[in-house]
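To be precise, the following lines are run35.cif, and they hold mmCIF, C-alpha atoms, pLDDT in the B column; chains and numbers go by the auth columns.
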```cif
data_work
#
loop_
_atom_site.group_PDB
_atom_site.id
_atom_site.type_symbol
_atom_site.label_atom_id
_atom_site.label_comp_id
_atom_site.label_asym_id
_atom_site.label_seq_id
_atom_site.Cartn_x
_atom_site.Cartn_y
_atom_site.Cartn_z
_atom_site.B_iso_or_equiv
_atom_site.auth_seq_id
_atom_site.auth_asym_id
ATOM 1 C CA MET A 1 31.546 -32.077 -12.294 33.00 55 E
ATOM 2 C CA VAL A 2 34.119 -33.330 -9.813 37.00 56 E
ATOM 3 C CA ARG A 3 36.971 -31.141 -8.674 39.00 57 E
ATOM 4 C CA PRO A 4 40.576 -32.027 -7.764 36.00 58 E
ATOM 5 C CA LEU A 5 41.915 -31.527 -4.275 38.00 59 E
ATOM 6 C CA GLY A 6 44.508 -28.785 -4.031 39.00 60 E
ATOM 7 C CA GLY A 7 44.527 -27.752 -7.668 39.00 61 E
ATOM 8 C CA ALA A 8 44.063 -29.153 -11.124 39.00 62 E
ATOM 9 C CA ALA A 9 47.275 -31.096 -11.584 41.00 63 E
ATOM 10 C CA LYS A 10 46.852 -34.338 -13.462 43.00 64 E
ATOM 11 C CA GLY A 11 46.495 -37.395 -11.278 43.00 65 E
ATOM 12 C CA GLN A 12 45.369 -35.619 -8.139 39.00 66 E
ATOM 13 C CA ARG A 13 42.559 -37.145 -6.134 39.00 67 E
ATOM 14 C CA VAL A 14 39.116 -35.741 -6.770 40.00 68 E
ATOM 15 C CA VAL A 15 36.430 -35.087 -4.194 45.00 69 E
ATOM 16 C CA ALA A 16 32.674 -35.390 -4.402 49.00 70 E
ATOM 17 C CA PRO A 17 30.242 -32.465 -4.296 55.00 71 E
ATOM 18 C CA SER A 18 29.453 -30.694 -1.070 59.00 72 E
ATOM 19 C CA ALA A 19 25.859 -30.507 0.150 61.00 73 E
ATOM 20 C CA ASP A 20 25.445 -27.069 -1.437 66.00 74 E
ATOM 21 C CA GLU A 21 26.906 -28.187 -4.765 64.00 75 E
ATOM 22 C CA PHE A 22 24.827 -31.334 -4.739 63.00 76 E
ATOM 23 C CA ASN A 23 21.675 -29.340 -4.044 68.00 77 E
ATOM 24 C CA LEU A 24 22.467 -26.976 -6.905 68.00 78 E
ATOM 25 C CA ALA A 25 22.950 -29.929 -9.241 63.00 79 E
ATOM 26 C CA ILE A 26 19.524 -31.360 -8.412 66.00 80 E
ATOM 27 C CA GLY A 27 17.767 -28.055 -8.981 65.00 81 E
ATOM 28 C CA ASN A 28 17.804 -26.553 -5.477 70.00 82 E
ATOM 29 C CA GLN A 29 15.288 -29.062 -4.169 72.00 83 E
ATOM 30 C CA PHE A 30 16.310 -28.379 -0.555 74.00 84 E
ATOM 31 C CA GLY A 31 16.059 -25.070 1.274 78.00 85 E
ATOM 32 C CA PRO A 32 18.691 -23.436 3.522 79.00 86 E
ATOM 33 C CA ARG A 33 17.270 -24.968 6.711 78.00 87 E
ATOM 34 C CA GLN A 34 17.268 -28.444 5.184 78.00 88 E
ATOM 35 C CA LEU A 35 20.858 -28.026 4.005 78.00 89 E
ATOM 36 C CA ALA A 36 21.917 -26.756 7.425 79.00 90 E
ATOM 37 C CA GLY A 37 20.293 -29.818 8.958 82.00 91 E
ATOM 38 C CA ILE A 38 22.027 -32.139 6.495 80.00 92 E
ATOM 39 C CA GLU A 39 25.380 -30.573 7.358 80.00 93 E
ATOM 40 C CA LYS A 40 24.601 -31.141 11.048 82.00 94 E
ATOM 41 C CA ILE A 41 23.860 -34.799 10.310 87.00 95 E
ATOM 42 C CA THR A 42 26.924 -35.470 8.172 83.00 96 E
ATOM 43 C CA GLY A 43 29.490 -33.443 10.088 75.00 97 E
ATOM 44 C CA PRO A 44 32.667 -31.782 8.804 67.00 98 E
ATOM 45 C CA ASP A 45 34.304 -34.998 7.560 66.00 99 E
ATOM 46 C CA PHE A 46 31.551 -35.851 5.098 66.00 100 E
ATOM 47 C CA GLY A 47 33.135 -36.344 1.687 60.00 101 E
ATOM 48 C CA GLY A 48 30.070 -35.858 -0.480 60.00 102 E
ATOM 49 C CA ILE A 49 27.974 -38.361 -2.437 55.00 103 E
ATOM 50 C CA PRO A 50 30.141 -40.976 -4.216 50.00 104 E
ATOM 51 C CA LEU A 51 28.510 -42.190 -7.409 45.00 105 E
ATOM 52 C CA LEU A 52 29.001 -45.257 -9.599 42.00 106 E
ATOM 53 C CA SER A 53 27.658 -46.295 -12.963 42.00 107 E
ATOM 54 C CA ALA A 54 24.824 -48.815 -13.244 44.00 108 E
ATOM 55 C CA SER A 55 27.424 -51.589 -13.619 44.00 109 E
ATOM 56 C CA GLY A 56 29.242 -50.468 -10.478 43.00 110 E
ATOM 57 C CA ALA A 57 32.225 -49.006 -12.304 42.00 111 E
ATOM 58 C CA PRO A 58 33.562 -45.663 -11.035 39.00 112 E
ATOM 59 C CA LEU A 59 32.611 -42.652 -13.107 42.00 113 E
ATOM 60 C CA ALA A 60 34.686 -39.511 -13.702 41.00 114 E
ATOM 61 C CA ALA A 61 37.791 -40.898 -12.018 37.00 115 E
ATOM 62 C CA GLY A 62 35.806 -42.208 -9.066 39.00 116 E
ATOM 63 C CA TYR A 63 32.837 -39.867 -8.866 44.00 117 E
ATOM 64 C CA ALA A 64 30.099 -39.341 -11.378 46.00 118 E
ATOM 65 C CA GLU A 65 29.221 -36.092 -12.995 46.00 119 E
ATOM 66 C CA PHE A 66 26.439 -34.367 -11.076 50.00 120 E
ATOM 67 C CA ASP A 67 23.799 -35.189 -13.661 55.00 121 E
ATOM 68 C CA GLU A 68 24.202 -38.923 -12.997 58.00 122 E
ATOM 69 C CA ILE A 69 22.123 -38.474 -9.836 59.00 123 E
ATOM 70 C CA LEU A 70 19.378 -36.398 -11.428 62.00 124 E
ATOM 71 C CA PRO A 71 17.252 -39.274 -12.829 66.00 125 E
ATOM 72 C CA ILE A 72 17.103 -40.820 -9.365 66.00 126 E
ATOM 73 C CA PHE A 73 15.293 -37.780 -7.983 64.00 127 E
ATOM 74 C CA THR A 74 12.482 -38.165 -10.509 62.00 128 E
ATOM 75 C CA GLN A 75 11.537 -41.498 -8.937 68.00 129 E
ATOM 76 C CA ASN A 76 8.535 -41.517 -6.646 67.00 130 E
ATOM 77 C CA ASN A 77 9.595 -44.407 -4.432 80.00 131 E
ATOM 78 C CA LEU A 78 12.551 -42.883 -2.616 83.00 132 E
ATOM 79 C CA LEU A 79 10.494 -42.323 0.517 86.00 133 E
ATOM 80 C CA ASP A 80 8.314 -45.437 0.294 87.00 134 E
ATOM 81 C CA GLN A 81 10.096 -47.055 3.237 88.00 135 E
ATOM 82 C CA TYR A 82 10.683 -43.861 5.203 89.00 136 E
ATOM 83 C CA ASP A 83 8.630 -43.872 8.395 86.00 137 E
ATOM 84 C CA PRO A 84 10.524 -42.885 11.561 78.00 138 E
ATOM 85 C CA THR A 85 7.406 -43.578 13.635 76.00 139 E
ATOM 86 C CA THR A 86 8.097 -47.320 13.217 66.00 140 E
ATOM 87 C CA GLY A 87 11.386 -47.066 15.103 59.00 141 E
ATOM 88 C CA ALA A 88 9.743 -48.769 18.092 53.00 142 E
ATOM 89 C CA GLU A 89 10.767 -52.100 16.577 60.00 143 E
ATOM 90 C CA TYR A 90 14.371 -51.292 17.574 63.00 144 E
ATOM 91 C CA GLN A 91 13.657 -49.697 20.943 57.00 145 E
ATOM 92 C CA ASN A 92 12.775 -52.944 22.690 48.00 146 E
ATOM 93 C CA PHE A 93 16.233 -54.450 22.209 55.00 147 E
ATOM 94 C CA GLY A 94 19.411 -53.830 24.149 57.00 148 E
ATOM 95 C CA SER A 95 19.967 -50.966 26.521 60.00 149 E
ATOM 96 C CA THR A 96 21.898 -47.711 26.454 58.00 150 E
ATOM 97 C CA PRO A 97 24.639 -47.627 29.145 61.00 151 E
ATOM 98 C CA ASP A 98 24.302 -44.986 31.828 61.00 152 E
ATOM 99 C CA MET A 99 26.163 -41.740 31.162 64.00 153 E
ATOM 100 C CA GLU A 100 26.575 -42.440 27.432 71.00 154 E
ATOM 101 C CA ASP A 101 26.080 -39.546 25.034 83.00 155 E
ATOM 102 C CA GLU A 102 23.027 -40.611 23.069 90.00 156 E
ATOM 103 C CA SER A 103 23.451 -38.047 20.291 92.00 157 E
ATOM 104 C CA ALA A 104 24.096 -39.349 16.783 93.00 158 E
ATOM 105 C CA ALA A 105 27.646 -39.649 15.472 94.00 159 E
ATOM 106 C CA PRO A 106 28.356 -37.679 12.281 92.00 160 E
ATOM 107 C CA LEU A 107 27.280 -39.791 9.322 91.00 161 E
ATOM 108 C CA THR A 108 30.143 -40.161 6.873 87.00 162 E
ATOM 109 C CA VAL A 109 29.226 -43.384 5.037 88.00 163 E
ATOM 110 C CA VAL A 110 26.444 -42.226 2.733 84.00 164 E
ATOM 111 C CA PRO A 111 25.013 -44.453 1.453 85.00 165 E
ATOM 112 C CA THR A 112 25.878 -47.742 3.112 90.00 166 E
ATOM 113 C CA SER A 113 26.410 -50.761 0.896 88.00 167 E
ATOM 114 C CA THR A 114 23.871 -53.587 0.838 89.00 168 E
ATOM 115 C CA THR A 115 23.212 -56.952 -0.775 89.00 169 E
ATOM 116 C CA ASN A 116 19.521 -56.061 -1.087 89.00 170 E
ATOM 117 C CA PRO A 117 19.226 -52.561 -2.598 86.00 171 E
ATOM 118 C CA GLU A 118 15.428 -52.783 -2.786 87.00 172 E
ATOM 119 C CA ARG A 119 15.123 -53.368 0.960 89.00 173 E
ATOM 120 C CA PRO A 120 18.435 -52.479 2.619 91.00 174 E
ATOM 121 C CA ARG A 121 18.855 -52.775 6.370 92.00 175 E
ATOM 122 C CA THR A 122 20.653 -49.422 6.565 94.00 176 E
ATOM 123 C CA VAL A 123 21.050 -46.348 4.372 92.00 177 E
ATOM 124 C CA ALA A 124 23.834 -44.436 6.192 92.00 178 E
ATOM 125 C CA ALA A 125 26.289 -44.776 9.064 94.00 179 E
ATOM 126 C CA GLY A 126 28.976 -42.925 11.003 94.00 180 E
ATOM 127 C CA TYR A 127 31.417 -43.401 13.839 95.00 181 E
ATOM 128 C CA ASP A 128 32.558 -41.342 16.807 94.00 182 E
ATOM 129 C CA LYS A 129 36.072 -42.530 17.687 94.00 183 E
ATOM 130 C CA ARG A 130 36.249 -40.647 20.978 94.00 184 E
ATOM 131 C CA GLU A 131 32.992 -42.104 22.236 94.00 185 E
ATOM 132 C CA GLN A 132 33.424 -45.390 20.360 95.00 186 E
ATOM 133 C CA LYS A 133 29.917 -45.536 18.999 96.00 187 E
ATOM 134 C CA ILE A 134 28.409 -46.284 15.612 96.00 188 E
ATOM 135 C CA THR A 135 25.264 -44.542 14.465 96.00 189 E
ATOM 136 C CA VAL A 136 23.273 -46.158 11.679 96.00 190 E
ATOM 137 C CA VAL A 137 20.195 -44.949 9.850 95.00 191 E
ATOM 138 C CA PHE A 138 17.885 -47.873 9.261 94.00 192 E
ATOM 139 C CA ARG A 139 15.681 -48.354 6.215 92.00 193 E
ATOM 140 C CA ASP A 140 12.688 -46.760 7.941 92.00 194 E
ATOM 141 C CA GLY A 141 14.683 -43.637 8.865 93.00 195 E
ATOM 142 C CA THR A 142 15.427 -44.541 12.497 92.00 196 E
ATOM 143 C CA PHE A 143 18.744 -43.203 13.864 94.00 197 E
ATOM 144 C CA TYR A 144 20.231 -45.867 16.147 93.00 198 E
ATOM 145 C CA ASN A 145 23.430 -46.074 18.222 94.00 199 E
ATOM 146 C CA TYR A 146 25.715 -49.000 19.027 94.00 200 E
ATOM 147 C CA TYR A 147 28.174 -48.366 21.879 94.00 201 E
ATOM 148 C CA GLN A 148 31.573 -49.774 22.901 93.00 202 E
ATOM 149 C CA VAL A 149 32.564 -50.256 19.261 96.00 203 E
ATOM 150 C CA SER A 150 36.329 -50.220 18.659 96.00 204 E
ATOM 151 C CA PRO A 151 37.919 -48.491 15.643 96.00 205 E
ATOM 152 C CA SER A 152 38.793 -51.900 14.181 96.00 206 E
ATOM 153 C CA GLU A 153 35.152 -52.972 14.457 97.00 207 E
ATOM 154 C CA TRP A 154 34.132 -49.770 12.655 96.00 208 E
ATOM 155 C CA GLN A 155 36.601 -50.590 9.885 94.00 209 E
ATOM 156 C CA ALA A 156 35.160 -54.113 9.693 95.00 210 E
ATOM 157 C CA PHE A 157 31.636 -52.682 9.501 95.00 211 E
ATOM 158 C CA LYS A 158 32.619 -50.427 6.612 92.00 212 E
ATOM 159 C CA ALA A 159 34.327 -53.309 4.794 90.00 213 E
ATOM 160 C CA ARG A 160 31.277 -55.583 4.882 91.00 214 E
ATOM 161 C CA VAL A 161 28.933 -55.212 1.933 89.00 215 E
ATOM 162 C CA SER A 162 25.994 -56.500 3.988 90.00 216 E
ATOM 163 C CA LYS A 163 25.658 -54.121 6.924 93.00 217 E
ATOM 164 C CA GLY A 164 22.638 -56.011 8.204 91.00 218 E
ATOM 165 C CA ARG A 165 24.590 -59.240 8.595 93.00 219 E
ATOM 166 C CA TYR A 166 27.383 -57.477 10.458 94.00 220 E
ATOM 167 C CA ILE A 167 24.873 -55.812 12.758 94.00 221 E
ATOM 168 C CA TYR A 168 23.182 -59.144 13.465 92.00 222 E
ATOM 169 C CA SER A 169 26.447 -61.045 13.992 93.00 223 E
ATOM 170 C CA TYR A 170 28.436 -58.459 15.963 94.00 224 E
ATOM 171 C CA LEU A 171 26.749 -55.177 16.864 94.00 225 E
ATOM 172 C CA ASP A 172 23.530 -56.585 18.286 91.00 226 E
ATOM 173 C CA SER A 173 25.567 -57.945 21.201 91.00 227 E
ATOM 174 C CA LYS A 174 26.666 -54.386 22.073 92.00 228 E
ATOM 175 C CA PRO A 175 24.861 -51.924 24.336 91.00 229 E
ATOM 176 C CA ARG A 176 22.547 -50.003 22.006 90.00 230 E
ATOM 177 C CA GLY A 177 19.534 -47.812 21.700 89.00 231 E
ATOM 178 C CA PRO A 178 17.850 -45.058 19.668 90.00 232 E
ATOM 179 C CA ALA A 179 19.993 -41.995 19.014 92.00 233 E
ATOM 180 C CA ASP A 180 18.911 -38.647 20.396 91.00 234 E
ATOM 181 C CA ILE A 181 18.003 -36.589 17.324 90.00 235 E
ATOM 182 C CA ALA A 182 16.021 -33.870 19.086 89.00 236 E
ATOM 183 C CA GLY A 183 18.375 -31.245 17.662 88.00 237 E
ATOM 184 C CA ILE A 184 17.779 -32.309 14.046 88.00 238 E
ATOM 185 C CA SER A 185 14.563 -31.227 12.380 88.00 239 E
ATOM 186 C CA ALA A 186 12.238 -33.780 10.830 89.00 240 E
ATOM 187 C CA THR A 187 12.499 -32.027 7.458 87.00 241 E
ATOM 188 C CA ALA A 188 16.312 -32.215 7.541 88.00 242 E
ATOM 189 C CA ARG A 189 16.198 -35.921 8.415 90.00 243 E
ATOM 190 C CA LYS A 190 13.779 -36.552 5.570 88.00 244 E
ATOM 191 C CA ALA A 191 15.914 -34.596 3.095 84.00 245 E
ATOM 192 C CA PHE A 192 19.033 -36.470 4.202 86.00 246 E
ATOM 193 C CA TYR A 193 17.253 -39.814 3.845 89.00 247 E
ATOM 194 C CA ARG A 194 16.183 -38.891 0.329 84.00 248 E
ATOM 195 C CA ILE A 195 19.779 -38.153 -0.676 81.00 249 E
ATOM 196 C CA ALA A 196 21.142 -41.305 0.961 85.00 250 E
ATOM 197 C CA ARG A 197 18.454 -43.614 -0.403 86.00 251 E
ATOM 198 C CA GLY A 198 18.659 -42.064 -3.866 81.00 252 E
ATOM 199 C CA SER A 199 22.411 -42.551 -3.990 78.00 253 E
ATOM 200 C CA GLN A 200 21.999 -46.097 -2.686 82.00 254 E
ATOM 201 C CA GLN A 201 19.576 -46.929 -5.475 80.00 255 E
ATOM 202 C CA LEU A 202 21.955 -45.471 -8.035 74.00 256 E
ATOM 203 C CA HIS A 203 24.784 -47.599 -6.634 68.00 257 E
ATOM 204 C CA ARG A 204 22.526 -50.671 -6.582 70.00 258 E
ATOM 205 C CA GLY A 205 23.906 -51.356 -3.124 63.00 259 E
ATOM 206 C CA ARG A 206 27.569 -51.277 -4.098 66.00 260 E
ATOM 207 C CA PRO A 207 29.995 -49.390 -1.883 56.00 261 E
ATOM 208 C CA GLY A 208 31.402 -46.171 -3.321 48.00 262 E
ATOM 209 C CA LYS A 209 35.100 -45.602 -2.833 44.00 263 E
ATOM 210 C CA PRO A 210 37.157 -42.525 -3.686 39.00 264 E
ATOM 211 C CA PRO A 211 39.931 -43.137 -6.209 38.00 265 E
ATOM 212 C CA LYS A 212 43.510 -43.616 -5.098 43.00 266 E
ATOM 213 C CA PRO A 213 45.943 -40.909 -6.161 42.00 267 E
ATOM 214 C CA LYS A 214 48.168 -41.925 -9.039 43.00 268 E
ATOM 215 C CA LYS A 215 51.852 -42.358 -8.426 50.00 269 E
ATOM 216 C CA PRO A 216 53.989 -39.577 -9.910 47.00 270 E
#
```

Take the structure from the file and write it as structure tokens.
Amino acid sequence: MVRPLGGAAKGQRVVAPSADEFNLAIGNQFGPRQLAGIEKITGPDFGGIPLLSASGAPLAAGYAEFDEILPIFTQNNLLDQYDPTTGAEYQNFGSTPDMEDESAAPLTVVPTSTTNPERPRTVAAGYDKREQKITVVFRDGTFYNYYQVSPSEWQAFKARVSKGRYIYSYLDSKPRGPADIAGISATARKAFYRIARGSQQLHRGRPGKPPKPKKP
């Protein structure tokens, strides 16, 4: 179940499960190394997996009970589109500026919203404010960076339901290139993709938002 921030007082904001709690809820499907890799991918600001009902309505004051995600992990098609070896389709476009840090930004938007939940353009995204870069995880599992992205452009990206359209209209004009993910194991990337894509299917492409605290 969800837990309140800072205590159990009525009306306090609740937070979603951590990676460890989420893993426990789905029957410990990921090992310690996979979880460590997921934490490396998401970073310290990751808020957990936000869940909605099938109609898109928030559950449990903004986040679903853990068992809402369980049926998703019985599906066999979560990894149908996962194939990082096809990332070459992105590598021929744009160019990474010299001296840019090509590592991936921590992914905090998990999953990304989409107007086509069966074939989304992206499944996750994150932003590094200091380096002003967006990292997205495409449908095939490719980690890809867009550079020289202002904080306001990141906010606009998050606000758009269709990430693919925003990428096409705005980010594709930026310097860009594949993210350096040499420090993240293939098994961790695959486990992370499974969580992100499973949550995206449960949302049916709708964005998940934490609830606002009630006024006293």

Inset, instruction - Output the residue selection produced by the PyMOL selection byres ((chain E and resi 251) around 12) on the file above, formatted as an MDAnalysis selection string. - result: chainID E and resid 103 123 126:127 129:136 164:168 171:178 191:195 243:250 252:259

Inset, instruction - Would you work out the distance separating atom CA of Leu225 of chain E from atom CA of Asn199 of chain E, expressed in Å to one decimal? - result: 9.8 Å

Legend entry - Which residue of E:Val215, E:Ser206, E:Thr96, E:Asp226 approaches Thr162 of chain E most closely, using all atoms listed in the file: E:Thr96

Legend entry - Of the listed residues E:Ser239, E:Tyr198, E:Tyr181, E:Val163, that which approaches Gln88 of chain E most closely, counting all atoms listed in the file: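 Closest to Gln88 of chain E, using all atoms listed in the file: E:Ser239.
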
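We find atom CA of Leu161 of chain E and atom CA of Gln202 of chain E to be spaced 17.4 Å apart.
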
Inset, instruction - Between atom CA of Ala159 of chain E and atom CA of Gln83 of chain E, measure the distance and give it in Å to one decimal. - result: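 The value is 25.5 Å.
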
Inset, instruction - Check which residues satisfy the PyMOL selection byres ((chain E and resi 207) around 12) in the file shown, then give them as a list in words. - result: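 Given this file, the PyMOL selection byres ((chain E and resi 207) around 12) evaluates to Tyr181, Lys183, Gln186, Lys187, Ile188, Tyr200, Tyr201, Gln202, Val203, Ser204, Pro205, Ser206, Trp208, Gln209, Ala210, Phe211, Lys212, Ala213, Arg214, Tyr220, Ile221, Ser223, Tyr224, Leu225 and Lys228 of chain E.
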
Around segment 186-202 of chain E, fit a box with edges along x, y and z, padding it by 8 Å on each side, then list its centre and edge lengths in Å to one decimal as AutoDock Vina command-line options.
```
--center_x 23.1 --center_y -46.5 --center_z 14.6 --size_x 36.7 --size_y 22.6 --size_z 32.7
```

Might you spell out which residues the PyMOL selection byres ((chain E and resi 158) around 8) would select in the displayed file, as a compact mmCIF listing (two decimals) with C-alpha atoms, in the frame of the given file?
```txt
# COMPACT_ATOMS: atom_id res chain seq x y z
CA ILE E 95 23.86 -34.80 10.31
CA GLU E 156 23.03 -40.61 23.07
CA SER E 157 23.45 -38.05 20.29
CA ALA E 159 27.65 -39.65 15.47
CA PRO E 160 28.36 -37.68 12.28
CA THR E 189 25.26 -44.54 14.46
CA PHE E 197 18.74 -43.20 13.86
CA TYR E 198 20.23 -45.87 16.15
CA ASN E 199 23.43 -46.07 18.22
CA ALA E 233 19.99 -42.00 19.01
CA ASP E 234 18.91 -38.65 20.40
CA ILE E 235 18.00 -36.59 17.32
```
